[in-house]
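Novice: Input: one structure, supplied below.
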Amino acid sequence: MIIQALMENTTHCEGLCCEHGLSIWLETNGKRILFDFGSSEGFAQNARQMGISLQEADLAILSHGHYDHSGGMLRFLEENDHAPVYLQQRAPEPHYSHRASGEIAYIGIDPQILQRYADRLRYNSHILTLSDGMLLFSRPEGHEFLSTANRNLLIEKPDGEKICDDFAHEQSLLLSEGDKLFLFCGCAHAGIVNIVEQARELTGRWPDYVVGGFHLSNPSSHRMEAPEMINGVAGRLLETGAVYYTCHCTGQEVYQIMRERMGDRVRYLAAGDRVVL
């Protein structure tokens, strides 16, 4: 398994850009997979600098319907003429966010992309097997350790009313390679503890590696969750025995707190990083 971060909030690599967004390139079992598209075309620029050709992707996955994961989707579809893009069936719904200024901002997928490339899109209602050892799943049943920042996020109903987002549009990816099980998530709005628990229920075992954001920081207010919650999450994750590569909406300060509790069982994944597992 080769994991390369094409986009993340931070980078330590000269010549690469960073932004509030996430995009990860995976190579496993003879497949090349793009997981999320960042906020803009920046992920594609980084990919070129890193020697990665987006045209070689066999498939792409959108973790959920927010701009910081879908913003570069048009660029990918223009550069790659064959790979299907898998998204949860509710991802195209209009998504909004309460900003610190009081503004309610649209943060969803560009509707023009959904119309222009409808033939390239594949939808998952709940659980979807892509191939042997590759599974998409959504809507975990647990409700533990949910981010307070979720309260700022809205979804628009067909009648125009904006209500609190239930994150049914979020999906995660399970991959097996050899005897190892890998879990990839975008922002874990549904709670990283709940997502990992659902992965165990689906497979009968804990993942060996988990990669993605934990949404323990609020990007609008730049405030992190209470230390009690962060340590609670860290304690539960330690019980799984997995190694966690976190990034993006987890937050640097939160990562340091988790690192103190979890040690080498939690690591940071920045734009340009390459991990071979």
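Letters A, B, ... mark the chains of the structure tokens in the order given; residue numbers begin at 1 per chain; ligand numbers begin at 1, in order shown.
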Which polymer residues have any atom within 9 Å of an atom of segment 180-192 of chain A, counting only C-alpha atoms, with same-chain residues fewer than 2 positions away left out, as an NGL selection string?
Specialist: :A and (22-23 or 35-36 or 62-64 or 69 or 133 or 139-147 or 149-150 or 166-168 or 170-178 or 194-197 or 199 or 205-215 or 233 or 237 or 248-250)
Novice: Mind checking which residues fall within 8 Å of Tyr96 of chain A, counting only C-alpha atoms, ignoring those fewer than 2 positions away in the same chain, and posting them as a PDB file with C-alpha atoms, in the first residue's frame?
Specialist:
```
ATOM      1  CA  PRO A  94     -26.969  21.652  -1.150  1.00  0.00           C
ATOM      2  CA  HIS A  98     -22.637  29.253   9.403  1.00  0.00           C
ATOM      3  CA  ILE A 104     -24.503  31.356   5.711  1.00  0.00           C
ATOM      4  CA  ALA A 105     -22.179  30.200   2.929  1.00  0.00           C
ATOM      5  CA  TYR A 106     -22.697  27.515   0.293  1.00  0.00           C
ATOM      6  CA  ILE A 107     -20.077  24.773   0.739  1.00  0.00           C
ATOM      7  CA  GLY A 108     -21.462  22.045  -1.522  1.00  0.00           C
ATOM      8  CA  LEU A 153     -23.192  22.818   9.149  1.00  0.00           C
ATOM      9  CA  LEU A 154     -26.505  22.742   7.314  1.00  0.00           C
ATOM     10  CA  ILE A 155     -28.269  20.927   4.525  1.00  0.00           C
ATOM     11  CA  GLU A 156     -31.050  22.370   2.382  1.00  0.00           C
TER      12      GLU A 156
END
```
Novice: Between A:Ile24, A:Leu216, A:Met7, A:Leu34, which one has atoms that come closest to Val254 of chain A, using only C-alpha atoms?
Specialist: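 Smallest distance to Val254 of chain A is found for A:Leu216.
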Novice: Neighbouring residues of segment 83-86 of chain A were defined as those with any atom within 8 Å, considering only C-alpha atoms; residues of the same chain fewer than 3 positions away were excluded. Please report them as an mmCIF file with N, CA and C atoms, in the first residue's frame.
Specialist:
```cif
data_model
loop_
_atom_site.group_PDB
_atom_site.id
_atom_site.type_symbol
_atom_site.label_atom_id
_atom_site.label_comp_id
_atom_site.auth_asym_id
_atom_site.auth_seq_id
_atom_site.Cartn_x
_atom_site.Cartn_y
_atom_site.Cartn_z
ATOM 1 N N ALA A 57 -5.345 7.190 -12.715
ATOM 2 C CA ALA A 57 -6.275 6.734 -11.679
ATOM 3 C C ALA A 57 -7.306 5.792 -12.272
ATOM 4 N N ASP A 58 -7.556 4.675 -11.603
ATOM 5 C CA ASP A 58 -8.562 3.716 -12.049
ATOM 6 C C ASP A 58 -9.952 4.089 -11.548
ATOM 7 N N LEU A 59 -10.015 4.751 -10.403
ATOM 8 C CA LEU A 59 -11.278 5.229 -9.859
ATOM 9 C C LEU A 59 -11.001 6.339 -8.862
ATOM 10 N N ALA A 60 -12.037 7.092 -8.549
ATOM 11 C CA ALA A 60 -11.925 8.165 -7.567
ATOM 12 C C ALA A 60 -13.108 8.079 -6.615
ATOM 13 N N ILE A 61 -12.896 8.586 -5.407
ATOM 14 C CA ILE A 61 -13.925 8.520 -4.365
ATOM 15 C C ILE A 61 -14.051 9.889 -3.719
ATOM 16 N N LEU A 62 -15.276 10.351 -3.561
ATOM 17 C CA LEU A 62 -15.554 11.575 -2.819
ATOM 18 C C LEU A 62 -16.108 11.186 -1.456
ATOM 19 N N ASN A 80 -8.653 13.202 -16.317
ATOM 20 C CA ASN A 80 -8.827 11.751 -16.395
ATOM 21 C C ASN A 80 -10.130 11.480 -17.155
ATOM 22 N N ARG A 120 -20.161 9.829 -15.468
ATOM 23 C CA ARG A 120 -18.954 9.358 -14.764
ATOM 24 C C ARG A 120 -19.209 9.098 -13.275
ATOM 25 N N LEU A 121 -20.391 9.470 -12.794
ATOM 26 C CA LEU A 121 -20.666 9.401 -11.366
ATOM 27 C C LEU A 121 -21.385 8.110 -11.005
ATOM 28 N N ARG A 122 -20.951 7.503 -9.886
ATOM 29 C CA ARG A 122 -21.559 6.282 -9.378
ATOM 30 C C ARG A 122 -21.976 6.542 -7.924
ATOM 31 N N TYR A 123 -23.207 6.143 -7.579
ATOM 32 C CA TYR A 123 -23.756 6.508 -6.280
ATOM 33 C C TYR A 123 -23.895 5.315 -5.339
ATOM 34 N N ASN A 124 -23.557 5.554 -4.085
ATOM 35 C CA ASN A 124 -23.654 4.562 -3.019
ATOM 36 C C ASN A 124 -24.774 4.976 -2.075
#
```
Novice: Mind the document's chain letters and residue numbers, and return as an MDAnalysis selection string the residues of segment 36-273 of chain A that DSSP labels strand (DSSP E).
Specialist: chainID A and resid 59:61 85:88 95:98 104:106 121:124 127:131 134:138 153:156 162:164 171:177 180:184 209:213 217:218 223:224 243:247 266:268
Novice: Point out the residue among A:Thr10, A:Thr246, A:Ser70, A:Asn29 with the least atom-to-atom distance to Ile113 of chain A, counting only C-alpha atoms.
Specialist: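 Going through A:Thr10, A:Thr246, A:Ser70, A:Asn29 one by one, the smallest distance to Ile113 of chain A is for A:Ser70.
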